[in-house]
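Colleague: Please read through the structure below; I'll follow up with questions.
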Amino acid sequence: MNIINIEHIAKIYQVGSEEVHALADVSLRINKNEYVAIMGPSGSGKSTLMNILGCLDTPTKGLYDFSGENVSQMNDNELASIRNRQIGFVFQTFNLLARSDALHNVELPLIYAGVSSHERRERAEAALENVGLKDRMTHKPNELSGGQRQRVAVARALVTNPSIILADEPTGNLDTKTGADIMRLFHEIHEAGNTIILVTHEEYIAEHAARIIRLRDGLVERDEEVVNRFIPV
Amino acid sequence: MKNFIFEIKEGLLISLKAIRANKARSVLTTLGIIIGVASVVLMSTAIKGIDQSFQQGVASLGSDNLYIDKWAWFDNDIPWWEMRNRKNITMEDFKAYKDLAKLPISVAPSANSQRTVKYQERSVQFVSITGTDYNYINTTNLSFDEGRFFSELESNGGRSVVVLGSEISKKLFPQGGPMNQLVKIGGNRFKVVGVLEEQGSWVMGNWNPDNQVYVPIQNIFKYFVSRHSNSITLNVRAENSQMVEATKEEALGIMRRVRGLKYNEKNDFSINQQEGLLTNINQTVGVIQIAGLLITGLALFVGAIGIMNIMFVSVKERTREIGIRKAIGATRRTILGQFISESAIICLIGGMIGLAVAIIGSMVIAQFDFPVTVDIDAVILAFTISLITGILSGLAPAYTAAKLDPVDALRYE
Ligand SMILES: Nc1ncnc2c1ncn2[C@@H]1O[C@H](COP(=O)(O)OP(=O)(O)O)[C@@H](O)[C@H]1O
Ligand SMILES: [Mg+2]
């Protein structure tokens, strides 16, 4: 079943008198429980595509259908609601609230979803436990290592039980070993039935996924199954 | 609706967290609000105090009184040189008026002088000495701490007796026991026959009976001022407030006769009433009000600008945070609410500090015989003003935050 269906998407920025086609013409279908990596050189449009898929941004042209709903026609509030309930973001720079502890960071999407404080706490604790941070709940981001911060971000992405997890270079700011830990976590999340879309420019990271979409100059260059998929143990 | 209340509650919690993280800055920027709220509370409290004290004063002197005098006390229409050229009002005028007047329940003459009052080593300078007769007490509502007013006999005989205002008595006899002691007024001995109860009406100044002494009027002329160069005041008490106008009409007719005025001649005396004093007080209150409102308005304006500024800075600094919040599902309205409640809370905290400052201030002022207390109205006033200021100054920054584009905000360094 298609969860994401985009057709002839373009994102055009006006820079001075010049038009920059961050995305020229992209069409994609992604099914439920897929594990997809998006690859490409810097400036090829990966983040732009990611932002559109995550409903953070709207395309200049084209159609975006998210589990049967036409996202390209939605207003700000509807987009916020989709982001809140259907999408879990994991960023390269973690993007945690610096002044709040891990628990509050993970609770935040549930606050915006209107979940009662009692249930919120339970679910946030469970999500943190799930990523192995049971004993770090009251730590603030600057009291945590990079890997731990990214785990908090993953817990935050998972806590609302979203339809897809979008990760933009999630290992970009981590050392190799910590990056491998995070990739193992993603593997487990995928095994548990989640849909994951992962942006990376590292081949060995991309090979964790079952499918790689390669972008170049705002176009899909190749879209193929991974033959020798890397399964972490 | 439930969802809305929920959002407000969550917004407040988020705001409190953010404010706690920026304590020093929040306090600094609320200074304007603190000053503004403190001044508005102090002002309203002071005006209430003046008003109360004035009512007390009027009550102690009697509000149904007329004062027939050479001078118009409150009326600025008659030029002063015209009043100066009027004939003095004499004891003969007083007697003639008293014989003819039917309506007053009591009439007394009075003449004033300022002298030093001494008892042994203690002395009080520039005391207002009121010379009058035994009927004077019936033109007022004054009551006694000790003793009595001078009697008809003492009054008619012009005896050397004195009634002390409570403040004078306290200063001369800190240990008490003033009765039947001899005090010196301008070097002349007077026996204390009574001490008035404290009136506490600071607003009346020299009119305040607390700061006066009373002697039979003959003594004034004998020792202090010449009978011929001095004009006296007739203190007239009407039966009740309904009778004030009639008593005044009667007094007007009698005085014109007594003073031998022809029909085409202007009055050469003035009939004063405490209403005039009220107008004066209202003018003073008006000045305080305008000054207070100016200070308050200015401080609040500066405060509001300060808060707005700091909120703009805060929005700028927290652009990334806003991006994060939006990415995980915050709507424009949520962000708007968050920043408005943040600014409202900062202002409310400022307002409450301002209120505390005002309360402490009023307690300090109360030490100087200025009986002021901050009441619940002032608290509500402070609360409302700071809340409104907070919301208004938070609007623009909050709107800026709410309409930030999430992608741009997340990319902001
Ligand atoms: N807000 C913007 N304004 C103008 N150009 C932009 C903007 N965002 C992205 N671009 C351009 O679009 C292209 C794709 O950017 P991006 O999606 O960030 O690439 P990637 O993530 O693959 O490195 C780049 O050339 C970039 O300069
Ligand atoms: Mg990128």
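Following the order of the structure tokens, chains are lettered A, B, ..., residues in each are numbered from 1, and ligands are numbered from 1.
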If we count only C-alpha atoms, what is near A:Ile182 at a cut-off of 10 Å, once residues fewer than 2 positions away on the same chain are taken out, given as an MDAnalysis selection string?

Modeller: chainID A and resid 131 147:148 150:151 154 170:171 174 176:180 184:188

Colleague: Running DSSP on the backbone, which parts of stretch 169-341 of chain B land in strand (DSSP E), as a VMD selection string?

Modeller: chain B and resid 182 to 185 188 to 196 212 to 216 233 to 237 270 to 273

Colleague: Would you output that residue set with C-alpha atoms, as a PDB file, in the first residue's frame?

Modeller:
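See again-v6.pdb below for the written result:
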```pdb
ATOM      1  CA  LEU B 182       0.988  76.565  83.233  1.00  0.00           C
ATOM      2  CA  VAL B 183       2.268  76.904  79.667  1.00  0.00           C
ATOM      3  CA  LYS B 184       3.801  80.049  78.241  1.00  0.00           C
ATOM      4  CA  ILE B 185       2.415  81.460  75.042  1.00  0.00           C
ATOM      5  CA  ASN B 188       2.474  84.838  78.942  1.00  0.00           C
ATOM      6  CA  ARG B 189       1.262  82.169  81.330  1.00  0.00           C
ATOM      7  CA  PHE B 190      -1.879  80.177  80.580  1.00  0.00           C
ATOM      8  CA  LYS B 191      -3.427  77.375  82.573  1.00  0.00           C
ATOM      9  CA  VAL B 192      -4.292  74.220  80.622  1.00  0.00           C
ATOM     10  CA  VAL B 193      -7.982  73.393  81.084  1.00  0.00           C
ATOM     11  CA  GLY B 194      -8.418  70.853  78.302  1.00  0.00           C
ATOM     12  CA  VAL B 195      -6.725  68.711  75.662  1.00  0.00           C
ATOM     13  CA  LEU B 196      -8.509  67.835  72.431  1.00  0.00           C
ATOM     14  CA  GLN B 212      -3.575  74.486  67.487  1.00  0.00           C
ATOM     15  CA  VAL B 213      -4.229  75.959  70.885  1.00  0.00           C
ATOM     16  CA  TYR B 214      -7.334  77.874  71.915  1.00  0.00           C
ATOM     17  CA  VAL B 215      -7.523  80.821  74.330  1.00  0.00           C
ATOM     18  CA  PRO B 216     -10.243  83.368  75.185  1.00  0.00           C
ATOM     19  CA  THR B 233     -13.771  85.681  61.749  1.00  0.00           C
ATOM     20  CA  LEU B 234     -17.343  84.806  62.701  1.00  0.00           C
ATOM     21  CA  ASN B 235     -17.788  81.054  63.030  1.00  0.00           C
ATOM     22  CA  VAL B 236     -21.438  80.258  62.380  1.00  0.00           C
ATOM     23  CA  ARG B 237     -23.009  76.854  62.640  1.00  0.00           C
ATOM     24  CA  SER B 270     -17.201  87.179  52.465  1.00  0.00           C
ATOM     25  CA  ILE B 271     -19.162  84.174  53.676  1.00  0.00           C
ATOM     26  CA  ASN B 272     -16.900  81.147  53.347  1.00  0.00           C
ATOM     27  CA  GLN B 273     -17.908  77.511  53.364  1.00  0.00           C
TER      28      GLN B 273
END
```

Colleague: What do you get as a count of residues only if you pick all residues at most 9 Å from ligand 1, counting only C-alpha atoms and all ligand atoms?

Modeller: 33

Colleague: With a cut-off of 10 Å and counting only C-alpha atoms, select all residues of chain A in contact with chain B and give the selection as a PyMOL selection string.

Modeller: chain A and resi 47-48+51-52+54-57+76-89+91+93-100+108-117+156-157+160

Colleague: Using C-alpha atoms, can you write the selected residues to a file as a CSV table (one decimal), in the first residue's frame?

Modeller:
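Final file, again-v2.csv:
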```
chain,number,residue,atom,x,y,z
A,47,SER,CA,16.9,18.1,2.1
A,48,THR,CA,14.3,19.9,0.0
A,51,ASN,CA,11.1,18.8,3.9
A,52,ILE,CA,8.4,18.4,1.3
A,54,GLY,CA,7.7,15.8,5.9
A,55,CYS,CA,5.1,18.5,5.2
A,56,LEU,CA,7.5,21.2,6.5
A,57,ASP,CA,7.5,22.8,3.1
A,76,ASP,CA,-0.8,25.7,7.7
A,77,ASN,CA,-2.8,24.2,10.5
A,78,GLU,CA,-3.6,21.0,8.6
A,79,LEU,CA,0.1,20.6,7.8
A,80,ALA,CA,1.0,21.1,11.4
A,81,SER,CA,-1.4,18.4,12.4
A,82,ILE,CA,0.0,15.9,9.8
A,83,ARG,CA,3.5,16.6,11.1
A,84,ASN,CA,2.4,16.1,14.6
A,85,ARG,CA,0.5,12.8,14.1
A,86,GLN,CA,1.9,11.2,11.0
A,87,ILE,CA,5.6,12.2,10.8
A,88,GLY,CA,8.6,11.7,13.1
A,89,PHE,CA,11.7,13.8,12.3
A,91,PHE,CA,17.8,15.7,12.2
A,93,THR,CA,21.9,18.4,14.5
A,94,PHE,CA,19.4,16.6,16.8
A,95,ASN,CA,17.3,19.8,17.2
A,96,LEU,CA,16.4,19.2,20.9
A,97,LEU,CA,15.2,22.0,23.1
A,98,ALA,CA,18.4,22.9,24.9
A,99,ARG,CA,16.7,24.1,28.2
A,100,SER,CA,14.4,21.1,28.6
A,108,LEU,CA,6.6,17.9,23.5
A,109,PRO,CA,4.9,16.4,20.4
A,110,LEU,CA,2.3,14.8,22.7
A,111,ILE,CA,1.6,18.2,24.2
A,112,TYR,CA,0.8,19.6,20.8
A,113,ALA,CA,-1.3,16.5,20.2
A,114,GLY,CA,-3.4,17.3,23.2
A,115,VAL,CA,-2.5,14.2,25.2
A,116,SER,CA,-3.2,14.4,28.9
A,117,SER,CA,-0.2,15.0,31.1
A,156,ARG,CA,10.7,12.0,20.3
A,157,ALA,CA,10.1,10.9,16.6
A,160,THR,CA,3.4,9.7,18.6
```

Colleague: In terms of the shortest atom-to-atom distance over only C-alpha atoms and all ligand atoms, which of A:Gln92, A:Asn5, A:Ser67, A:Ser72 is closest to ligand 2?

Modeller: A:Gln92

Colleague: Distance atom CA of B:Phe144-atom CA of B:Asp69, one decimal place?

Modeller: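 Taking atom CA of B:Phe144 and atom CA of B:Asp69, their separation equals 27.3 Å.
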
Colleague: Please compute the atom CA of B:Glu82-atom CA of B:Glu265 distance, one decimal, in Å.

Modeller: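 So the answer is 13.1 Å.
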
Colleague: Excluding same-chain residues fewer than 2 positions from stretch 29-33 of chain A, what lies within 6 Å of it counting only C-alpha atoms, as a list in words?

Modeller: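 That gives Met1, Asn2, Ile3, Ile4, Asn5, Gly193, Asn194 and Thr195 of chain A.
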